[in-house]
file my_file-v5.cif (mmCIF, C-alpha atoms)
data_target
#
loop_
_atom_site.label_atom_id
_atom_site.label_comp_id
_atom_site.auth_asym_id
_atom_site.auth_seq_id
_atom_site.Cartn_x
_atom_site.Cartn_y
_atom_site.Cartn_z
CA MET A 268 0.00 0.00 0.00
CA ARG A 269 2.82 2.39 0.94
CA ALA A 270 4.59 1.57 -2.33
CA SER A 271 1.40 2.37 -4.27
CA ARG A 272 1.12 5.76 -2.57
CA LEU A 273 4.76 6.51 -3.36
CA LEU A 274 4.21 5.53 -7.00
CA LEU A 275 1.10 7.72 -7.20
CA SER A 276 3.00 10.68 -5.67
CA SER A 277 5.83 10.23 -8.15
CA LEU A 278 3.38 10.18 -11.07
CA VAL A 279 1.74 13.38 -9.81
CA VAL A 280 5.13 15.09 -9.55
CA LEU A 281 6.14 13.94 -13.04
CA ALA A 282 2.84 15.14 -14.48
CA ALA A 283 3.28 18.52 -12.84
CA LEU A 284 6.81 18.84 -14.20
CA ALA A 285 5.65 17.86 -17.68
CA SER A 286 2.87 20.44 -17.50
CA ALA A 287 5.32 23.10 -16.35
CA CYS A 288 7.70 22.19 -19.19
CA ARG A 289 4.89 22.39 -21.78
CA LYS A 290 3.82 25.78 -20.39
CA SER A 291 7.43 27.03 -20.43
CA GLN A 292 8.00 25.92 -24.03
CA ALA A 293 4.69 27.39 -25.16
CA GLN A 294 5.68 30.77 -23.75
CA GLY A 295 9.11 30.58 -25.40
CA THR A 296 11.02 30.49 -22.10
CA ALA A 297 13.58 27.97 -20.93
CA SER A 298 12.38 24.60 -19.70
CA PRO A 299 14.49 22.38 -17.41
CA GLN A 300 15.55 20.42 -20.50
CA ASP A 301 16.62 23.64 -22.26
CA CYS A 302 18.78 24.88 -19.38
CA ILE A 303 22.48 24.20 -19.96
CA LEU A 304 24.68 23.85 -16.87
CA VAL A 305 28.40 24.19 -17.64
CA GLU A 306 30.07 22.20 -14.87
CA ASP A 307 33.73 22.93 -15.64
CA GLY A 308 35.08 26.23 -16.92
CA TRP A 309 33.09 28.39 -19.33
CA GLY A 310 33.20 26.60 -22.69
CA THR A 311 35.39 25.97 -25.70
CA ASP A 312 37.35 28.64 -27.55
CA GLY A 313 35.55 30.10 -30.56
CA THR A 314 37.07 29.96 -34.03
CA VAL A 315 35.51 32.99 -35.75
CA PRO A 316 38.38 35.32 -36.81
CA PHE A 317 38.36 39.07 -36.12
CA ASP A 318 40.75 41.93 -35.35
CA VAL A 319 40.96 43.96 -32.15
CA GLU A 320 41.74 47.67 -32.35
CA VAL A 321 42.57 49.79 -29.29
CA VAL A 322 40.41 52.90 -29.65
CA ALA A 323 41.38 54.57 -26.36
CA GLU A 324 43.66 53.94 -23.39
CA GLY A 325 44.56 55.59 -20.10
CA LEU A 326 41.07 55.20 -18.63
CA GLU A 327 40.11 54.15 -15.11
CA VAL A 328 37.31 51.57 -15.10
CA PRO A 329 35.30 52.75 -18.14
CA TRP A 330 31.93 51.42 -17.02
CA GLY A 331 29.43 52.60 -19.63
CA ILE A 332 29.22 54.00 -23.16
CA ALA A 333 26.45 56.23 -24.54
CA TRP A 334 26.56 56.77 -28.30
CA LEU A 335 25.53 60.20 -29.57
CA PRO A 336 24.17 61.27 -32.98
CA GLY A 337 27.07 61.74 -35.35
CA GLY A 338 29.24 59.04 -33.78
CA ASP A 339 30.64 60.73 -30.66
CA ALA A 340 30.30 58.85 -27.37
CA LEU A 341 30.19 59.64 -23.67
CA VAL A 342 32.12 57.21 -21.46
CA THR A 343 31.85 56.95 -17.68
CA GLU A 344 34.84 56.25 -15.44
CA ARG A 345 33.88 54.77 -12.11
CA PRO A 346 35.77 57.34 -9.96
CA GLY A 347 33.27 59.95 -11.23
CA ARG A 348 34.35 61.29 -14.62
CA VAL A 349 32.34 61.53 -17.83
CA ARG A 350 34.71 61.46 -20.82
CA LEU A 351 34.13 62.30 -24.48
CA LEU A 352 35.16 60.06 -27.36
CA LYS A 353 35.18 62.51 -30.30
CA ALA A 354 35.89 61.41 -33.87
CA GLY A 355 37.32 58.21 -32.42
CA ALA A 356 39.74 59.98 -30.06
CA LEU A 357 39.46 60.28 -26.28
CA GLN A 358 39.44 63.96 -25.26
CA PRO A 359 41.83 64.86 -22.41
CA ASN A 360 39.43 66.83 -20.21
CA PRO A 361 36.33 65.34 -18.57
CA VAL A 362 32.96 66.58 -19.73
CA ALA A 363 31.78 66.41 -16.11
CA THR A 364 33.08 65.25 -12.74
CA LEU A 365 30.60 63.85 -10.23
CA GLN A 366 31.00 63.47 -6.49
CA THR A 367 30.68 59.78 -5.68
CA THR A 368 30.90 57.69 -2.54
CA ARG A 369 32.94 55.08 -4.29
CA THR A 370 32.72 51.60 -2.85
CA ALA A 371 34.07 48.32 -4.23
CA GLU A 372 31.35 48.11 -6.89
CA GLY A 373 29.74 51.56 -6.68
CA GLY A 374 30.70 54.93 -8.16
CA LEU A 375 29.81 56.39 -11.54
CA LEU A 376 28.41 53.45 -13.48
CA GLY A 377 25.95 53.34 -16.38
CA ILE A 378 25.13 56.07 -18.90
CA ALA A 379 22.46 56.51 -21.58
CA ALA A 380 21.59 59.23 -24.08
CA HIS A 381 18.00 60.47 -24.34
CA PRO A 382 16.22 59.21 -27.50
CA ASP A 383 15.78 62.88 -28.50
CA PHE A 384 19.37 63.81 -27.69
CA ALA A 385 19.76 65.56 -31.04
CA THR A 386 17.32 68.25 -29.89
CA ASN A 387 17.64 68.28 -26.06
CA ARG A 388 21.26 67.04 -25.50
CA ARG A 389 20.18 65.18 -22.36
CA PHE A 390 21.93 62.13 -20.95
CA TYR A 391 21.44 60.02 -17.84
CA VAL A 392 23.90 58.45 -15.40
CA TYR A 393 23.67 55.90 -12.61
CA VAL A 394 25.82 56.98 -9.66
CA THR A 395 26.53 56.02 -6.05
CA THR A 396 26.43 59.15 -3.94
CA ASP A 397 25.76 60.57 -0.47
CA ALA A 398 22.13 61.21 0.46
CA GLY A 399 21.88 62.84 3.86
CA GLY A 400 24.73 60.89 5.40
CA ARG A 401 24.00 57.53 3.80
CA ASP A 402 25.02 56.01 0.47
CA GLU A 403 22.45 55.46 -2.24
CA ASN A 404 22.39 54.71 -5.92
CA ARG A 405 20.41 57.08 -8.09
CA VAL A 406 19.77 58.08 -11.68
CA GLU A 407 20.59 61.67 -12.61
CA ARG A 408 19.89 63.66 -15.76
CA TRP A 409 22.48 66.00 -17.27
CA THR A 410 22.62 68.30 -20.29
CA LEU A 411 25.60 68.34 -22.65
CA SER A 412 26.81 71.64 -24.14
CA GLU A 413 26.48 72.24 -27.87
CA ASP A 414 30.20 71.67 -28.41
CA HIS A 415 30.07 68.47 -26.27
CA ALA A 416 32.89 69.83 -24.08
CA THR A 417 31.00 70.32 -20.81
CA ALA A 418 27.81 69.19 -19.10
CA THR A 419 25.51 70.61 -16.43
CA PHE A 420 23.40 68.78 -13.86
CA ASP A 421 19.66 68.89 -14.49
CA ARG A 422 17.93 66.81 -11.80
CA VAL A 423 17.58 63.47 -10.05
CA ILE A 424 15.31 61.14 -12.01
CA LEU A 425 15.19 58.33 -9.45
CA GLY A 426 16.79 58.17 -6.00
CA GLY A 427 16.63 55.83 -3.04
CA ILE A 428 18.12 52.76 -4.73
CA ALA A 429 19.88 50.76 -2.03
CA SER A 430 23.68 50.77 -2.12
CA ALA A 431 26.19 48.38 -0.59
CA THR A 432 29.84 47.47 -1.01
CA TYR A 433 28.74 44.86 -3.54
CA HIS A 434 25.72 44.26 -5.80
CA ASP A 435 24.93 47.80 -6.96
CA GLY A 436 23.83 46.92 -10.50
CA GLY A 437 24.29 50.11 -12.53
CA ARG A 438 23.58 49.55 -16.23
CA ILE A 439 20.99 51.85 -17.86
CA HIS A 440 19.56 51.80 -21.40
CA PHE A 441 16.69 53.32 -23.29
CA GLY A 442 14.49 50.60 -24.73
CA PRO A 443 12.83 50.37 -28.14
CA ASP A 444 9.70 51.80 -26.47
CA GLY A 445 11.51 55.02 -25.52
CA MET A 446 11.45 54.17 -21.81
CA LEU A 447 14.47 54.24 -19.50
CA TYR A 448 15.48 50.81 -18.12
CA VAL A 449 17.62 50.68 -14.97
CA GLY A 450 19.41 47.55 -13.75
CA THR A 451 19.92 47.36 -9.98
CA GLY A 452 21.48 44.94 -7.49
CA ASP A 453 20.11 43.44 -4.29
CA SER A 454 22.64 45.42 -2.18
CA ARG A 455 23.51 42.19 -0.34
CA ALA A 456 19.93 41.79 0.94
CA PRO A 457 18.52 39.01 -1.27
CA ASP A 458 14.89 39.28 -0.16
CA ARG A 459 14.71 42.81 -1.60
CA SER A 460 14.71 41.22 -5.05
CA GLN A 461 11.24 39.74 -4.50
CA ASP A 462 9.61 42.94 -3.18
CA VAL A 463 8.06 44.82 -6.12
CA ASN A 464 7.96 48.00 -4.01
CA ASP A 465 11.72 47.99 -3.42
CA PRO A 466 13.86 49.13 -6.39
CA ALA A 467 16.77 46.84 -5.43
CA GLY A 468 17.35 43.59 -7.33
CA LYS A 469 15.27 44.57 -10.37
CA LEU A 470 15.14 45.78 -13.89
CA LEU A 471 13.21 49.05 -13.53
CA ARG A 472 11.26 50.83 -16.26
CA LEU A 473 10.66 54.60 -16.14
CA THR A 474 9.61 57.41 -18.43
CA PRO A 475 12.40 59.84 -19.40
CA GLU A 476 11.02 62.14 -16.66
CA GLY A 477 11.31 59.45 -14.00
CA GLN A 478 7.63 58.58 -13.75
CA VAL A 479 6.17 55.06 -13.56
CA PRO A 480 4.61 54.17 -16.93
CA GLN A 481 0.95 53.22 -16.70
CA ASP A 482 1.57 49.96 -18.57
CA ASN A 483 4.23 48.67 -16.18
CA PRO A 484 3.51 45.09 -15.03
CA PHE A 485 3.11 46.04 -11.36
CA PRO A 486 0.75 48.94 -10.52
CA ASN A 487 2.51 52.09 -9.29
CA SER A 488 5.89 50.32 -9.29
CA PRO A 489 8.88 50.93 -11.57
CA ALA A 490 9.69 47.18 -11.41
CA PHE A 491 9.74 45.51 -14.83
CA LEU A 492 11.63 42.31 -13.89
CA THR A 493 12.10 40.98 -10.35
CA GLY A 494 14.21 38.27 -8.69
CA ILE A 495 17.60 39.64 -9.79
CA ARG A 496 20.84 39.54 -7.80
CA ASN A 497 23.12 41.99 -9.64
CA LEU A 498 22.16 43.21 -13.10
CA GLN A 499 24.81 44.67 -15.39
CA GLY A 500 23.91 43.35 -18.84
CA TRP A 501 20.85 42.93 -21.06
CA ASP A 502 19.63 43.62 -24.58
CA TRP A 503 16.39 43.35 -26.56
CA LYS A 504 15.80 40.51 -29.00
CA ASP A 505 12.67 42.36 -30.07
CA ALA A 506 10.26 44.91 -28.60
CA THR A 507 8.93 42.47 -25.97
CA THR A 508 11.78 40.00 -25.39
CA LEU A 509 15.05 40.57 -23.54
CA TYR A 510 18.19 38.57 -22.89
CA VAL A 511 19.37 39.21 -19.33
CA THR A 512 22.57 38.25 -17.52
CA ASP A 513 22.77 38.00 -13.74
CA HIS A 514 25.42 37.27 -11.14
CA GLY A 515 25.09 34.03 -9.19
CA PRO A 516 25.61 33.79 -5.43
CA SER A 517 28.96 34.09 -3.68
CA GLY A 518 28.10 32.42 -0.38
CA GLU A 519 24.50 33.45 0.23
CA THR A 520 22.23 30.49 1.03
CA MET A 521 25.43 28.38 1.14
CA ARG A 522 25.72 28.55 -2.66
CA ARG A 523 28.30 29.88 -5.09
CA GLY A 524 28.81 30.42 -8.82
CA HIS A 525 26.05 29.84 -11.35
CA ASP A 526 25.91 33.17 -13.18
CA GLU A 527 22.97 33.15 -15.56
CA VAL A 528 21.82 34.03 -19.07
CA SER A 529 18.03 34.13 -19.34
CA LEU A 530 15.26 35.12 -21.70
CA ALA A 531 12.70 37.38 -20.04
CA ARG A 532 9.55 39.38 -20.72
CA ARG A 533 7.63 42.04 -18.79
CA GLY A 534 6.73 41.02 -15.27
CA ASP A 535 8.99 37.95 -15.18
CA ASN A 536 10.59 36.80 -11.94
CA LEU A 537 14.16 35.54 -12.48
CA GLY A 538 14.10 33.58 -9.25
CA TRP A 539 16.73 35.11 -6.95
CA PRO A 540 17.17 34.04 -4.18
CA GLY A 541 14.76 31.11 -4.51
CA ILE A 542 16.08 29.05 -7.43
CA TYR A 543 19.62 28.22 -8.40
CA ALA A 544 21.43 26.66 -11.38
CA CYS A 545 18.80 24.86 -13.52
CA GLU A 546 16.26 24.54 -10.72
CA THR A 547 12.63 25.34 -11.43
CA ARG A 548 9.84 26.95 -9.46
CA GLN A 549 6.37 27.87 -10.62
CA GLY A 550 6.17 31.49 -11.71
CA GLN A 551 9.96 31.93 -11.96
CA VAL A 552 12.31 31.84 -14.95
CA THR A 553 14.77 28.97 -15.33
CA PRO A 554 17.92 30.27 -17.05
CA SER A 555 18.95 29.20 -20.52
CA LEU A 556 22.63 28.98 -19.59
CA THR A 557 24.41 28.85 -16.25
CA PHE A 558 27.98 28.13 -15.13
CA GLU A 559 29.15 26.30 -12.04
CA ASP A 560 32.30 28.45 -11.97
CA ALA A 561 31.74 32.17 -11.40
CA MET A 562 32.31 34.50 -14.40
CA PRO A 563 30.72 36.98 -13.43
CA PRO A 564 29.08 38.86 -16.36
CA GLY A 565 29.48 42.56 -17.15
CA GLY A 566 27.74 44.29 -20.04
CA ALA A 567 25.94 42.45 -22.84
CA ALA A 568 24.81 43.29 -26.38
CA LEU A 569 23.24 41.47 -29.29
CA TYR A 570 25.47 41.62 -32.34
CA THR A 571 23.61 43.56 -35.04
CA GLY A 572 26.51 44.39 -37.34
CA THR A 573 27.64 42.71 -40.55
CA ALA A 574 31.44 42.88 -40.21
CA ILE A 575 31.56 39.59 -38.26
CA ALA A 576 28.69 37.90 -40.05
CA GLU A 577 28.94 34.67 -38.05
CA TRP A 578 27.98 36.58 -34.88
CA LYS A 579 24.78 38.11 -36.27
CA GLY A 580 22.03 37.77 -33.64
CA SER A 581 24.38 36.37 -30.97
CA LEU A 582 24.58 37.76 -27.43
CA LEU A 583 28.09 38.96 -26.58
CA ILE A 584 28.88 39.21 -22.86
CA GLY A 585 31.91 40.76 -21.19
CA THR A 586 33.13 38.74 -18.23
CA LEU A 587 35.15 39.93 -15.26
CA GLY A 588 36.71 37.20 -13.13
CA SER A 589 36.89 34.75 -16.05
CA ARG A 590 38.45 37.46 -18.28
CA HIS A 591 36.92 36.72 -21.65
CA LEU A 592 34.20 37.66 -24.11
CA HIS A 593 31.40 35.11 -24.21
CA ARG A 594 29.30 34.49 -27.30
CA VAL A 595 25.87 32.88 -26.97
CA GLU A 596 23.92 31.79 -30.07
CA PHE A 597 20.25 30.90 -29.63
CA ALA A 598 18.15 28.37 -31.53
CA GLN A 599 16.00 29.79 -34.31
CA ASP A 600 12.96 27.74 -33.30
CA ASN A 601 13.15 28.67 -29.60
CA PRO A 602 14.75 31.96 -28.50
CA ALA A 603 15.31 30.57 -24.98
CA ARG A 604 17.35 27.55 -26.08
CA VAL A 605 21.12 27.94 -26.51
CA ALA A 606 22.37 26.47 -29.77
CA ARG A 607 26.03 27.26 -29.15
CA HIS A 608 28.21 29.17 -26.71
CA GLU A 609 31.93 29.83 -26.85
CA VAL A 610 34.82 31.86 -25.47
CA TYR A 611 36.83 34.63 -27.16
CA LEU A 612 39.72 36.83 -25.94
CA ARG A 613 40.41 34.39 -23.13
CA ASP A 614 43.03 35.94 -20.80
CA THR A 615 44.00 38.40 -23.54
CA TYR A 616 42.82 41.80 -22.33
CA GLY A 617 41.93 40.94 -18.74
CA ARG A 618 38.62 41.87 -17.14
CA LEU A 619 35.96 42.97 -19.64
CA ARG A 620 33.17 45.31 -18.52
CA GLU A 621 31.00 47.14 -21.06
CA VAL A 622 29.89 45.58 -24.36
CA SER A 623 28.16 47.87 -26.84
CA MET A 624 27.27 48.01 -30.52
CA GLY A 625 28.57 51.24 -32.02
CA PRO A 626 26.79 53.28 -34.70
CA ASP A 627 29.50 52.15 -37.13
CA GLY A 628 28.24 48.56 -36.85
CA HIS A 629 31.22 47.32 -34.80
CA LEU A 630 31.29 45.86 -31.31
CA TYR A 631 33.03 47.89 -28.59
CA VAL A 632 34.33 46.40 -25.34
CA THR A 633 35.90 48.13 -22.33
CA THR A 634 38.39 46.62 -19.92
CA SER A 635 38.10 46.84 -16.13
CA ASN A 636 41.63 46.09 -14.99
CA CYS A 637 42.01 49.18 -12.76
CA ASP A 638 39.11 48.28 -10.46
CA GLY A 639 41.33 46.72 -7.79
CA ARG A 640 40.76 43.19 -9.04
CA GLY A 641 42.85 43.19 -12.20
CA ASP A 642 46.31 44.14 -13.46
CA CYS A 643 46.26 47.91 -14.08
CA GLY A 644 49.28 48.33 -16.35
CA PRO A 645 50.83 51.52 -17.74
CA ARG A 646 48.15 51.81 -20.45
CA LYS A 647 45.48 51.51 -17.74
CA ASP A 648 42.01 50.55 -19.03
CA LEU A 649 41.13 50.38 -22.73
CA ILE A 650 38.27 50.74 -25.14
CA LEU A 651 38.47 48.02 -27.80
CA ARG A 652 36.77 47.77 -31.20
CA LEU A 653 36.22 44.31 -32.71
CA LYS A 654 36.12 44.29 -36.50
CA ARG A 655 37.15 42.38 -39.58
#
call {"tool": "encode", "arguments": {"input": "my_file-v5.cif", "output": "structure tokens"}}
result
Amino acid sequence: MRASRLLLSSLVVLAALASACRKSQAQGTASPQDCILVEDGWGTDGTVPFDVEVVAEGLEVPWGIAWLPGGDALVTERPGRVRLLKAGALQPNPVATLQTTRTAEGGLLGIAAHPDFATNRRFYVYVTTDAGGRDENRVERWTLSEDHATATFDRVILGGIASATYHDGGRIHFGPDGMLYVGTGDSRAPDRSQDVNDPAGKLLRLTPEGQVPQDNPFPNSPAFLTGIRNLQGWDWKDATTLYVTDHGPSGETMRRGHDEVSLARRGDNLGWPGIYACETRQGQVTPSLTFEDAMPPGGAALYTGTAIAEWKGSLLIGTLGSRHLHRVEFAQDNPARVARHEVYLRDTYGRLREVSMGPDGHLYVTTSNCDGRGDCGPRKDLILRLKR
């Protein structure tokens, strides 16, 4: 009798798992069978040839790049400087210098140009700063001068984002819908990630004025995705589908490693701190790709250029501790299933932070060797262009 009950329980569990898998596949998200767990290292070396050109050097932790109309770019340095890349050359004087309360992972981080920059010259930064005697992360708006040489502070768009020594997030992008997306970290308090009323551990979605859009998935909340540990990289496959990278744990809940690459849509819960590796839980996203050894991931961009044709549509991810550029190719019949993943620039340029498609159709990558965790040589940190 006891054996019969055990058999019945097992059948119920299997049926539930099968139902969950069918639902996951129908929605185009990863199922447990789709999730790839890399148990040793990060993958094989890729064989696609390309050239690497050093565009700029002498930087100190270039964290984000914002491309401007005409091909100029603003680059943030984590100690608090906004630099100008003009006609492909780094200008000697900062456009702006911000006061930061720089911690191990805080400081001046992400940057994004307003969709109407050509007419309003506005840009946005994510910065760790003092707020009445305590550290916080916030998003500020600035205005660039007509000659692009200087910038003036406009106002705070969003404040009160929790800050800690680690897990500050920091990437910001404007989406195809014209809204501002802000990646945050859990500030070493994992349960924040599951609270839709707390901006920590989320991908946030705001209007360019800092308001909560009426069509956000959670009423009166800027939260767009929840259940995130430390978000520094994502890009849009299309108007409603994103590829998101997240840092895995480093001791919390007695777990380590397992950085993630996931497909996500509005309102999705990526599972932190509840699920781990390829685990599943109802209502939470199982990753498409995860690694037992910690990377962890920096910026990420889908390759949209034509110079390296083999990479078209692939997600390129800068990695920090593992010191390489990771390429992820997804299956054509299921955008959540990984068809191939491989390693480039392994131990060649050190820690890689930002990954961005330039207006010239080439991929740009920044190094992060002067952040206290790498080898900051005489050339300091670099901006690289990958081309063929």
call {"tool": "residues_around", "arguments": {"input": "my_file-v5.cif", "residues": "Asp526 (chain A)", "least_positions_apart": "4", "cutoff": "6 Å", "atoms": "only C-alpha atoms", "output": "PDB file with C-alpha atoms, in the coordinates of the input"}}
result
ATOM      1  CA  ASP A 513      22.770  38.000 -13.740  1.00  0.00           C
ATOM      2  CA  HIS A 514      25.420  37.270 -11.140  1.00  0.00           C
ATOM      3  CA  GLY A 515      25.090  34.030  -9.190  1.00  0.00           C
ATOM      4  CA  THR A 557      24.410  28.850 -16.250  1.00  0.00           C
ATOM      5  CA  PHE A 558      27.980  28.130 -15.130  1.00  0.00           C
TER       6      PHE A 558
END
call {"tool": "residues_around", "arguments": {"input": "my_file-v5.cif", "residues": "Arg472 (chain A)", "least_positions_apart": "3", "cutoff": "8 Å", "atoms": "all atoms listed in the file", "output": "list of chain:residue names"}}
result
A:Met446, A:Leu447, A:Tyr448, A:Val449, A:Val479, A:Pro480, A:Asn483, A:Pro489, A:Ala490, A:Phe491
call {"tool": "closest_residue", "arguments": {"input": "my_file-v5.cif", "among": "A:Val392, A:Glu344, A:Asn404, A:Arg459", "to": "Cys637 (chain A)", "atoms": "all atoms listed in the file"}}
result
A:Glu344
call {"tool": "closest_residue", "arguments": {"input": "my_file-v5.cif", "among": "A:Gly450, A:Tyr570, A:Asn387, A:Trp539", "to": "Asp462 (chain A)", "atoms": "only C-alpha atoms"}}
result
A:Trp539
call {"tool": "atom_distance", "arguments": {"input": "my_file-v5.cif", "atom1": "CA of Ala371 (chain A)", "atom2": "CA of Ile428 (chain A)"}}
result
16.6 Å
call {"tool": "closest_residue", "arguments": {"input": "my_file-v5.cif", "among": "A:Asn536, A:Ala568, A:Gly625, A:Leu651", "to": "Arg548 (chain A)", "atoms": "all atoms listed in the file"}}
result
A:Asn536
call {"tool": "resolve_selection", "arguments": {"input": "my_file-v5.cif", "expression": "the PyMOL selection byres ((chain A and resi 346) around 7)", "output": "VMD selection string"}}
result
chain A and resid 344 to 345 347 to 348 369 374 to 375
call {"tool": "residues_near_point", "arguments": {"input": "my_file-v5.cif", "point": "(15.5, 42.8, -6.3)", "cutoff": "9 Å", "atoms": "all atoms listed in the file", "output": "list of chain:residue names"}}
result
A:Thr451, A:Gly452, A:Asp453, A:Ser454, A:Ala456, A:Pro457, A:Asp458, A:Arg459, A:Ser460, A:Gln461, A:Asp462, A:Val463, A:Asp465, A:Pro466, A:Ala467, A:Gly468, A:Lys469, A:Leu470, A:Ala490, A:Leu492, A:Thr493, A:Gly494, A:Ile495, A:Arg496, A:Asn497, A:Trp539
call {"tool": "residues_around", "arguments": {"input": "my_file-v5.cif", "residues": "Ile424 (chain A)", "least_positions_apart": "6", "cutoff": "10 Å", "atoms": "all atoms listed in the file", "output": "list in words"}}
result
Tyr391, Val392, Tyr393, Arg405, Val406, Glu407, Arg408, Leu473, Thr474, Pro475, Glu476, Gly477 and Gln478 of chain A
call {"tool": "residues_around", "arguments": {"input": "my_file-v5.cif", "residues": "Val511 (chain A)", "least_positions_apart": "4", "cutoff": "9 Å", "atoms": "all atoms listed in the file", "output": "ChimeraX atom specification"}}
result
/A:498-503,527-531,567
call {"tool": "resolve_selection", "arguments": {"input": "my_file-v5.cif", "expression": "the PyMOL selection byres ((chain A and resi 355-362) around 12)", "output": "number ranges by chain"}}
result
A: 320-326, 329, 334, 337-344, 346-354, 363-365, 390, 409-420, 625-627, 631, 649-652
call {"tool": "build_atoms", "arguments": {"input": "my_file-v5.cif", "residues": "region 516-522 of chain A", "atoms": "all heavy atoms", "output": "PDB file, keeping the file's coordinate frame"}}
result
ATOM      1  N   PRO A 516      25.237  33.516  -6.823  1.00  0.00           N
ATOM      2  CA  PRO A 516      25.610  33.790  -5.430  1.00  0.00           C
ATOM      3  C   PRO A 516      27.091  33.588  -5.159  1.00  0.00           C
ATOM      4  O   PRO A 516      27.786  32.853  -5.856  1.00  0.00           O
ATOM      5  CB  PRO A 516      24.768  32.773  -4.650  1.00  0.00           C
ATOM      6  CG  PRO A 516      24.516  31.667  -5.618  1.00  0.00           C
ATOM      7  CD  PRO A 516      24.398  32.317  -6.958  1.00  0.00           C
ATOM      8  N   SER A 517      27.565  34.258  -4.112  1.00  0.00           N
ATOM      9  CA  SER A 517      28.960  34.090  -3.680  1.00  0.00           C
ATOM     10  C   SER A 517      28.984  33.794  -2.179  1.00  0.00           C
ATOM     11  O   SER A 517      29.720  34.412  -1.422  1.00  0.00           O
ATOM     12  CB  SER A 517      29.773  35.348  -3.996  1.00  0.00           C
ATOM     13  OG  SER A 517      29.161  36.507  -3.452  1.00  0.00           O
ATOM     14  N   GLY A 518      28.149  32.839  -1.779  1.00  0.00           N
ATOM     15  CA  GLY A 518      28.100  32.420  -0.380  1.00  0.00           C
ATOM     16  C   GLY A 518      26.733  32.508   0.237  1.00  0.00           C
ATOM     17  O   GLY A 518      26.446  31.811   1.216  1.00  0.00           O
ATOM     18  N   GLU A 519      25.850  33.376  -0.309  1.00  0.00           N
ATOM     19  CA  GLU A 519      24.500  33.450   0.230  1.00  0.00           C
ATOM     20  C   GLU A 519      23.799  32.100   0.043  1.00  0.00           C
ATOM     21  O   GLU A 519      23.986  31.413  -0.950  1.00  0.00           O
ATOM     22  CB  GLU A 519      23.675  34.531  -0.489  1.00  0.00           C
ATOM     23  CG  GLU A 519      24.313  35.898  -0.492  1.00  0.00           C
ATOM     24  CD  GLU A 519      25.048  36.178  -1.769  1.00  0.00           C
ATOM     25  OE1 GLU A 519      25.768  35.271  -2.258  1.00  0.00           O
ATOM     26  OE2 GLU A 519      24.903  37.295  -2.277  1.00  0.00           O
ATOM     27  N   THR A 520      22.962  31.761   1.016  1.00  0.00           N
ATOM     28  CA  THR A 520      22.230  30.490   1.030  1.00  0.00           C
ATOM     29  C   THR A 520      23.154  29.290   0.814  1.00  0.00           C
ATOM     30  O   THR A 520      22.750  28.260   0.276  1.00  0.00           O
ATOM     31  CB  THR A 520      21.098  30.478  -0.019  1.00  0.00           C
ATOM     32  OG1 THR A 520      21.667  30.534  -1.349  1.00  0.00           O
ATOM     33  CG2 THR A 520      20.152  31.651   0.163  1.00  0.00           C
ATOM     34  N   MET A 521      24.433  29.450   1.224  1.00  0.00           N
ATOM     35  CA  MET A 521      25.430  28.380   1.140  1.00  0.00           C
ATOM     36  C   MET A 521      25.678  27.936  -0.310  1.00  0.00           C
ATOM     37  O   MET A 521      26.004  26.791  -0.585  1.00  0.00           O
ATOM     38  CB  MET A 521      24.999  27.178   1.983  1.00  0.00           C
ATOM     39  CG  MET A 521      24.745  27.503   3.446  1.00  0.00           C
ATOM     40  SD  MET A 521      26.250  28.127   4.277  1.00  0.00           S
ATOM     41  CE  MET A 521      27.254  26.640   4.312  1.00  0.00           C
ATOM     42  N   ARG A 522      25.541  28.885  -1.254  1.00  0.00           N
ATOM     43  CA  ARG A 522      25.720  28.550  -2.660  1.00  0.00           C
ATOM     44  C   ARG A 522      26.707  29.513  -3.299  1.00  0.00           C
ATOM     45  O   ARG A 522      26.855  30.647  -2.864  1.00  0.00           O
ATOM     46  CB  ARG A 522      24.372  28.625  -3.395  1.00  0.00           C
ATOM     47  CG  ARG A 522      23.397  27.545  -2.950  1.00  0.00           C
ATOM     48  CD  ARG A 522      22.017  27.751  -3.552  1.00  0.00           C
ATOM     49  NE  ARG A 522      21.208  26.550  -3.456  1.00  0.00           N
ATOM     50  CZ  ARG A 522      19.972  26.437  -3.931  1.00  0.00           C
ATOM     51  NH1 ARG A 522      19.399  27.468  -4.508  1.00  0.00           N
ATOM     52  NH2 ARG A 522      19.317  25.294  -3.818  1.00  0.00           N
TER      53      ARG A 522
END
